[in-house]
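Content type mmCIF, C-alpha atoms and all ligand atoms, from the file structure_1.cif:
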```
data_my_file
loop_
_atom_site.label_atom_id
_atom_site.label_comp_id
_atom_site.auth_asym_id
_atom_site.auth_seq_id
_atom_site.Cartn_x
_atom_site.Cartn_y
_atom_site.Cartn_z
CA VAL A 1 176.96 91.31 158.03
CA GLU A 2 176.95 94.77 156.42
CA LYS A 3 179.22 93.52 153.62
CA THR A 4 176.98 90.47 152.98
CA ASN A 5 173.89 92.68 152.81
CA GLU A 6 175.65 95.01 150.39
CA ASN A 7 176.63 92.09 148.16
CA ALA A 8 173.12 90.69 148.21
CA ALA A 9 171.63 94.09 147.35
CA GLY A 10 174.13 94.51 144.47
CA GLU A 11 173.34 91.04 143.17
CA SER A 12 169.60 91.58 143.26
CA ALA A 13 169.95 94.97 141.52
CA LYS A 14 171.97 93.22 138.81
CA ILE A 15 169.30 90.55 138.37
CA ARG A 16 166.53 93.18 138.30
CA GLY A 17 168.48 95.15 135.66
CA ALA A 18 169.02 92.10 133.48
CA LEU A 19 165.38 91.08 133.84
CA LYS A 20 164.19 94.58 132.96
CA ALA A 21 166.38 94.68 129.82
CA ARG A 22 165.11 91.26 128.80
CA LEU A 23 161.47 92.22 129.31
CA GLU A 24 161.93 95.47 127.38
CA MET A 25 163.40 93.56 124.48
CA GLU A 26 160.62 90.96 124.59
CA GLN A 27 158.10 93.79 124.65
CA MET A 28 159.73 95.40 121.63
CA LEU A 29 159.33 92.13 119.80
CA GLY A 30 155.65 92.13 120.72
CA ILE A 31 155.74 89.46 123.43
CA GLU A 32 153.14 90.50 125.98
CA SER A 33 153.17 87.56 128.37
CA LEU A 34 155.58 84.85 129.46
CA PRO A 35 154.67 81.19 128.94
CA THR A 36 153.67 79.37 132.12
CA LYS A 37 153.74 75.88 130.64
CA LEU A 38 155.34 74.22 127.65
CA PRO A 39 153.34 74.45 124.43
CA PRO A 40 152.01 71.16 123.00
CA LYS A 41 154.39 69.34 120.67
CA ARG A 42 153.80 70.31 117.03
CA THR A 43 153.89 67.95 114.13
CA GLY A 44 155.08 69.18 110.78
CA GLU A 45 157.19 72.02 112.24
CA ARG A 46 160.97 72.28 111.82
CA LYS A 47 162.48 69.41 113.76
CA ALA A 48 166.24 69.46 113.39
CA PRO A 49 168.08 72.10 115.40
CA PHE A 50 168.88 74.92 113.02
CA ALA A 51 172.55 75.08 113.94
CA ALA A 52 172.89 71.35 113.39
CA ARG A 53 171.29 71.62 109.97
CA GLN A 54 173.57 74.50 109.08
CA THR A 55 176.70 72.50 109.71
CA ALA A 56 175.50 69.65 107.52
CA ASN A 57 177.11 70.79 104.30
CA ALA A 58 176.96 67.48 102.54
CA PRO A 59 173.87 67.08 100.34
CA ILE A 60 171.25 64.84 101.93
CA PRO A 61 170.08 62.07 99.60
CA SER A 62 166.68 62.85 98.11
CA PRO A 63 163.94 60.69 99.69
CA PHE A 64 161.64 61.14 96.70
CA LYS A 65 161.57 60.34 93.02
CA PRO A 66 162.11 63.21 90.59
CA ALA A 67 158.86 64.86 89.54
CA PRO A 68 157.82 64.91 85.92
CA TYR A 69 159.59 68.16 85.05
CA ALA A 70 157.43 68.88 82.02
CA ALA A 71 154.05 68.63 83.77
CA SER A 72 152.91 72.03 85.00
CA LYS A 73 149.62 72.67 86.69
CA PRO A 74 149.07 75.82 88.76
CA SER A 75 149.07 75.21 92.49
CA PRO A 76 145.58 75.29 94.11
CA ALA A 77 146.38 78.26 96.39
CA ALA A 78 147.01 80.40 93.33
CA LYS A 79 143.32 80.37 92.50
CA LYS A 80 141.80 81.68 95.71
CA PRO A 81 142.77 84.96 97.40
CA ALA A 82 144.86 84.52 100.54
CA ALA A 83 142.88 84.79 103.78
CA PRO A 84 144.11 86.43 107.01
CA VAL A 85 145.88 84.11 109.48
CA ARG A 86 145.41 84.42 113.25
CA THR A 87 147.49 82.85 116.05
CA GLY A 88 147.03 84.14 119.59
CA ASN A 89 147.30 87.92 119.48
CA THR A 90 149.01 88.00 116.11
CA VAL A 91 147.00 88.48 112.94
CA ILE A 92 148.61 88.23 109.56
CA GLY A 93 146.33 90.12 107.22
CA ALA A 94 145.64 89.27 103.59
CA PRO A 95 148.62 90.36 101.48
CA PRO A 96 148.52 93.38 99.15
CA GLU A 97 147.97 92.79 95.45
CA LEU A 98 151.17 92.28 93.48
CA SER A 99 152.27 94.44 90.58
CA ASP A 100 151.49 93.00 87.13
CA GLU A 101 155.16 92.13 86.58
CA LEU A 102 155.36 90.22 89.86
CA LYS A 103 152.07 88.45 89.06
CA THR A 104 153.59 87.24 85.78
CA LEU A 105 156.65 86.00 87.66
CA ARG A 106 154.41 84.31 90.25
CA GLU A 107 152.69 82.35 87.47
CA LYS A 108 156.11 81.13 86.32
CA VAL A 109 156.98 80.02 89.86
CA GLU A 110 153.63 78.30 90.34
CA THR A 111 154.17 76.13 87.29
CA CYS A 112 157.91 75.65 87.82
CA ARG A 113 159.26 72.12 87.61
CA LYS A 114 162.95 72.95 87.47
CA CYS A 115 163.59 70.72 90.47
CA PRO A 116 161.79 67.76 92.03
CA LEU A 117 160.25 69.89 94.81
CA GLY A 118 157.70 71.05 92.21
CA GLY A 119 156.26 67.55 92.38
CA THR A 120 156.12 67.19 96.18
CA ARG A 121 154.85 70.62 97.25
CA LYS A 122 151.20 71.36 97.99
CA ASN A 123 151.61 74.99 96.94
CA ALA A 124 154.44 77.08 95.61
CA VAL A 125 155.14 80.01 97.94
CA PHE A 126 156.02 82.95 95.76
CA GLY A 127 156.29 85.57 98.50
CA GLU A 128 154.12 88.54 99.34
CA GLY A 129 154.10 92.16 100.32
CA ASN A 130 154.61 95.58 98.83
CA SER A 131 155.78 95.31 95.21
CA LYS A 132 157.86 98.46 95.76
CA ALA A 133 159.06 97.63 99.26
CA GLY A 134 162.11 99.45 100.60
CA LEU A 135 162.84 96.47 102.84
CA MET A 136 162.81 92.86 101.68
CA PHE A 137 163.16 89.81 103.92
CA VAL A 138 164.57 86.61 102.48
CA GLY A 139 164.05 83.37 104.39
CA GLU A 140 165.13 79.82 103.67
CA ALA A 141 162.18 77.81 102.35
CA PRO A 142 158.48 77.28 103.05
CA GLY A 143 157.63 75.00 105.96
CA TYR A 144 154.47 73.01 106.65
CA HIS A 145 152.14 75.98 107.21
CA GLU A 146 153.49 77.93 104.27
CA ASP A 147 153.12 74.91 101.97
CA VAL A 148 149.48 74.46 103.03
CA GLN A 149 148.58 78.13 102.65
CA GLY A 150 150.82 79.17 99.77
CA ARG A 151 152.04 82.16 101.83
CA PRO A 152 155.48 82.87 103.32
CA PHE A 153 156.10 82.93 107.07
CA VAL A 154 152.61 82.16 108.35
CA GLY A 155 153.53 79.50 110.97
CA PRO A 156 155.09 80.11 114.41
CA ALA A 157 158.30 81.52 112.87
CA GLY A 158 156.13 83.80 110.74
CA MET A 159 154.32 85.07 113.83
CA LEU A 160 157.68 86.05 115.31
CA LEU A 161 158.81 87.64 112.03
CA THR A 162 155.58 89.67 111.99
CA LYS A 163 156.36 90.92 115.51
CA ILE A 164 159.93 91.74 114.49
CA ILE A 165 158.61 93.79 111.57
CA GLU A 166 156.17 95.56 113.87
CA ALA A 167 158.96 96.22 116.38
CA ILE A 168 160.63 98.47 113.79
CA LYS A 169 157.30 100.23 113.27
CA LEU A 170 156.48 98.65 109.93
CA GLU A 171 153.78 96.24 108.87
CA ARG A 172 153.96 93.12 106.72
CA LYS A 173 152.20 95.00 103.93
CA ASP A 174 155.06 97.57 103.87
CA VAL A 175 157.82 95.03 103.25
CA PHE A 176 158.28 92.11 100.87
CA ILE A 177 158.79 88.61 102.26
CA ALA A 178 160.28 85.86 100.10
CA ASN A 179 162.39 82.74 100.42
CA ILE A 180 165.40 81.23 98.69
CA LEU A 181 163.28 78.18 97.78
CA LYS A 182 159.71 78.62 96.62
CA CYS A 183 158.69 75.03 97.41
CA ARG A 184 158.82 73.15 100.71
CA PRO A 185 161.59 70.58 101.03
CA PRO A 186 160.18 67.32 102.46
CA GLU A 187 160.35 67.29 106.29
CA ASN A 188 161.74 70.85 106.15
CA ARG A 189 165.20 69.56 105.43
CA THR A 190 167.92 72.02 104.43
CA PRO A 191 167.69 73.06 100.77
CA GLN A 192 170.05 71.06 98.57
CA PRO A 193 172.52 72.83 96.30
CA ASP A 194 170.72 71.72 93.11
CA GLU A 195 167.39 73.04 94.45
CA VAL A 196 168.98 76.35 95.41
CA ALA A 197 170.59 76.60 91.97
CA ALA A 198 167.27 75.83 90.24
CA CYS A 199 165.34 78.37 92.31
CA ARG A 200 167.89 81.17 92.47
CA GLY A 201 166.70 82.79 89.25
CA HIS A 202 163.20 83.30 90.71
CA LEU A 203 164.58 85.17 93.71
CA GLU A 204 166.93 87.24 91.58
CA ALA A 205 164.04 88.20 89.29
CA GLN A 206 161.96 89.18 92.35
CA ILE A 207 164.74 91.39 93.69
CA ASP A 208 165.25 92.96 90.25
CA LEU A 209 161.55 93.88 90.06
CA ILE A 210 161.07 95.04 93.66
CA LYS A 211 164.38 96.94 93.84
CA PRO A 212 164.50 97.01 97.65
CA LYS A 213 166.78 99.53 99.34
CA ILE A 214 167.72 96.99 102.01
CA ILE A 215 167.57 93.21 102.22
CA CYS A 216 167.44 91.31 105.49
CA ALA A 217 168.62 87.71 105.13
CA LEU A 218 167.00 85.44 107.70
CA GLY A 219 169.32 82.69 108.85
CA GLY A 220 172.46 81.00 107.56
CA PRO A 221 171.12 79.33 104.40
CA ALA A 222 169.53 82.59 103.16
CA ALA A 223 172.63 84.67 103.93
CA LYS A 224 175.05 82.13 102.46
CA THR A 225 173.05 81.84 99.24
CA LEU A 226 172.35 85.52 98.75
CA LEU A 227 175.88 86.60 99.54
CA ASN A 228 177.56 83.68 97.86
CA LYS A 229 179.46 82.78 101.01
CA PRO A 230 178.82 79.05 101.40
CA ASN A 231 181.38 78.61 104.17
CA GLU A 232 180.48 81.55 106.40
CA GLY A 233 178.27 81.00 109.48
CA ILE A 234 175.37 83.26 110.42
CA THR A 235 176.92 84.11 113.80
CA LYS A 236 179.88 85.64 111.97
CA MET A 237 177.84 87.31 109.21
CA ARG A 238 175.08 88.88 111.30
CA GLY A 239 175.45 92.35 112.70
CA THR A 240 177.46 93.76 109.80
CA TRP A 241 176.44 95.06 106.39
CA HIS A 242 177.09 93.03 103.26
CA GLU A 243 176.01 93.62 99.66
CA TYR A 244 174.00 91.89 96.97
CA LYS A 245 174.31 93.62 93.56
CA GLY A 246 174.90 96.94 95.34
CA ILE A 247 171.95 96.50 97.75
CA PRO A 248 172.91 96.54 101.45
CA VAL A 249 172.19 93.19 103.11
CA MET A 250 171.88 92.62 106.85
CA PRO A 251 171.98 88.94 107.82
CA THR A 252 170.33 88.07 111.11
CA PHE A 253 169.16 84.99 112.97
CA HIS A 254 166.18 83.11 111.54
CA PRO A 255 162.98 83.51 113.58
CA ALA A 256 162.66 79.70 113.87
CA TYR A 257 166.12 79.65 115.48
CA LEU A 258 165.07 82.48 117.82
CA LEU A 259 162.03 80.50 118.93
CA ARG A 260 164.43 77.77 120.07
CA ASN A 261 167.07 80.17 121.38
CA PRO A 262 165.22 83.18 122.82
CA ALA A 263 168.38 84.46 124.54
CA ASP A 264 169.69 85.40 121.07
CA LYS A 265 166.73 87.68 120.33
CA LYS A 266 168.79 90.57 121.61
CA TYR A 267 171.19 90.17 118.66
CA CYS A 268 168.32 90.12 116.19
CA TRP A 269 166.95 93.26 117.83
CA GLU A 270 170.35 94.95 117.40
CA ASP A 271 170.35 93.99 113.70
CA MET A 272 166.80 95.22 113.22
CA GLN A 273 167.60 98.57 114.81
CA ASN A 274 170.47 98.84 112.32
CA VAL A 275 168.08 98.01 109.47
CA ARG A 276 165.48 100.49 110.72
CA ASP A 277 168.05 103.32 110.99
CA ARG A 278 169.60 102.66 107.59
CA LEU A 279 166.16 102.47 105.98
CA LYS A 280 165.23 105.79 107.57
CA GLY A 281 168.46 107.29 106.19
CA VAL A 282 167.67 106.03 102.68
CA GLU A 283 164.10 107.32 102.87
CA ASN A 284 165.24 110.76 104.08
CA GLN A 285 167.48 111.02 101.00
CA LYS A 286 164.46 110.70 98.67
N1 LIG B 301 160.90 79.52 107.38
C1 LIG B 301 161.36 80.11 106.25
O1 LIG B 301 162.56 80.21 106.03
N2 LIG B 301 160.47 80.57 105.39
C2 LIG B 301 159.15 80.51 105.58
O2 LIG B 301 158.40 80.98 104.72
C3 LIG B 301 158.71 79.90 106.76
C4 LIG B 301 159.59 79.41 107.65
#
```
Using the file provided, produce a representation of the structure as structure tokens.
Ligand code: URA
Amino acid sequence: VEKTNENAAGESAKIRGALKARLEMEQMLGIESLPTKLPPKRTGERKAPFAARQTANAPIPSPFKPAPYAASKPSPAAKKPAAPVRTGNTVIGAPPELSDELKTLREKVETCRKCPLGGTRKNAVFGEGNSKAGLMFVGEAPGYHEDVQGRPFVGPAGMLLTKIIEAIKLERKDVFIANILKCRPPENRTPQPDEVAACRGHLEAQIDLIKPKIICALGGPAAKTLLNKPNEGITKMRGTWHEYKGIPVMPTFHPAYLLRNPADKKYCWEDMQNVRDRLKGVENQK
């Protein structure tokens, strides 16, 4: 009986320990309460499991006709200043004003017709944040919410990214947030190689102007593109430092993936602690 009691006590201590670690990590990512029922089904959000989309290397046939490449009208969101976004406890404030050079580049992106996505998007999503950010996040492509608002990471994945940024004691206005693609692929499908090739120059120009000290690549497609490693998976790449034109790059899981696989948040937290510490080191050298 004594032995059984001892085993049970050990087991429950183990469970309590694991639960405590999990709650601490959730708290660090800004999650203050646990869901008690399933959220309502969303329309327009990412549908295909991220991992499944990652393995689909073959280009998916385009479901739309090519846009008239020559036509170029500025997207509607470009005209009005971005408003704050609120979901639950998370508020995404209006973004800081861009430097003049980035504004000029944004105009180019907003009238870009280098690929057919320029004809199907509602708004181009240039990216936003501090024009001299030490830390730059690079995601995959705008989704439904981003396309509607013309701002990066403002849907559910954006809410989690905002919490991740806050967990390392920064704010969205301190960092720069951009994507590989500036226009939403229909149905949030994985960016096709020709779209990535057409858009790559915009991202490279952004990085050249911002000159971040550290880049965090969010998810497989961003990491593969940025690091030119088309055959490497995010699970292998995350957690170690890579380089883009001499800038240290930390790949980590995409927030949309983490929303579907919360058990993997602990790995993202490890990566973000790495990013935070390296950024501190760089800033102390100044
Ligand atoms: N997912 C991305 O990769 N980028 C966004 O801007 C939003 C969701």
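Minimum atom-to-atom distance to ligand LIG 301 (chain B), evaluated using all atoms listed in the file, belongs to A:Leu258 out of A:Ala9, A:Ile214, A:Leu209, A:Leu258.
What separates CA of Pro96 in chain A from CA of Ser131 in chain A is a distance of 8.5 Å.
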field: Best match for closeness to Gly239 in chain A among A:Gly143, A:Pro116, A:Gly220, A:Pro251, counting only C-alpha atoms
entry: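 Under the stated criterion, the closest residue is A:Pro251.
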- request: Calculate how many Å separate CA of Glu107 in chain A from atom O2 of ligand LIG 301 (chain B), rounding to one decimal.
  value: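 Distance between the two atoms: 18.2 Å.
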field: Option closest in space to Gly134 in chain A, from A:Lys224, A:Ala82, A:Lys211, A:Cys216 [counting only C-alpha atoms]
entry: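 Result for the nearest residue to Gly134 in chain A: A:Lys211.
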Listed atoms of range 230-246 of chain A, axis-aligned box, 3 Å per side: centre and edge lengths to one decimal in Å, as lines of an AutoDock Vina configuration file?
```
center_x = 177.7
center_y = 87.8
center_z = 103.7
size_x = 13.4
size_y = 24.3
size_z = 26.2
```
- request: Using all atoms listed in the file, find the one residue out of A:Met237, A:Val125, A:Val148, A:Leu135 that sits nearest to ligand LIG 301 (chain B).
  value: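 Looking only at the distances to ligand LIG 301 (chain B), the closest residue turns out to be A:Val125.
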- request: Considering only C-alpha atoms, return as a ChimeraX atom specification whatever protein or nucleic-acid residues lie within 9 Å of Arg276 in chain A, sequence-local ones (same chain, fewer than 5 positions apart) excluded.
  value: /A:168-169,271,281
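Going from CA of Glu97 in chain A to CA of Ile247 in chain A covers 24.4 Å.
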Within-6 Å residues of ligand LIG 301 (chain B), basis all atoms listed in the file, as a short mmCIF file (atom, residue, chain, number, x, y, z; two decimals) with C-alpha atoms, in the frame of the given file:
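part-v3.cif was written with the following content:
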```cif
data_model
loop_
_atom_site.label_atom_id
_atom_site.label_comp_id
_atom_site.auth_asym_id
_atom_site.auth_seq_id
_atom_site.Cartn_x
_atom_site.Cartn_y
_atom_site.Cartn_z
CA GLY A 139 164.05 83.37 104.39
CA GLU A 140 165.13 79.82 103.67
CA ALA A 141 162.18 77.81 102.35
CA PRO A 142 158.48 77.28 103.05
CA GLY A 143 157.63 75.00 105.96
CA GLU A 146 153.49 77.93 104.27
CA PRO A 152 155.48 82.87 103.32
CA PHE A 153 156.10 82.93 107.07
CA ALA A 157 158.30 81.52 112.87
CA ASN A 179 162.39 82.74 100.42
#
```
task: Name the closest residue to Pro248 in chain A among the candidates A:Lys14, A:Lys286, A:His202, A:Arg278; distances are taken between atoms, counting only C-alpha atoms.
output: A:Arg278
field: Who sits within 10 Å of Arg106 in chain A, only C-alpha atoms, same chain under 3 positions skipped, as an MDAnalysis selection string
entry: chainID A and resid 78 98 100:103 109:112 124:127 202 206
query: Which neighbours of Glu171 in chain A fall inside 10 Å, counting only C-alpha atoms, when residues of the same chain fewer than 4 positions from it are skipped, and could you give them as a VMD selection string?
result: chain A and resid 92 to 93 129 162 to 167 175
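Shortest separation to Ala83 in chain A among A:Thr252, A:Gln149, A:Gln273, A:Thr235 occurs at residue A:Gln149, atoms counted being only C-alpha atoms.
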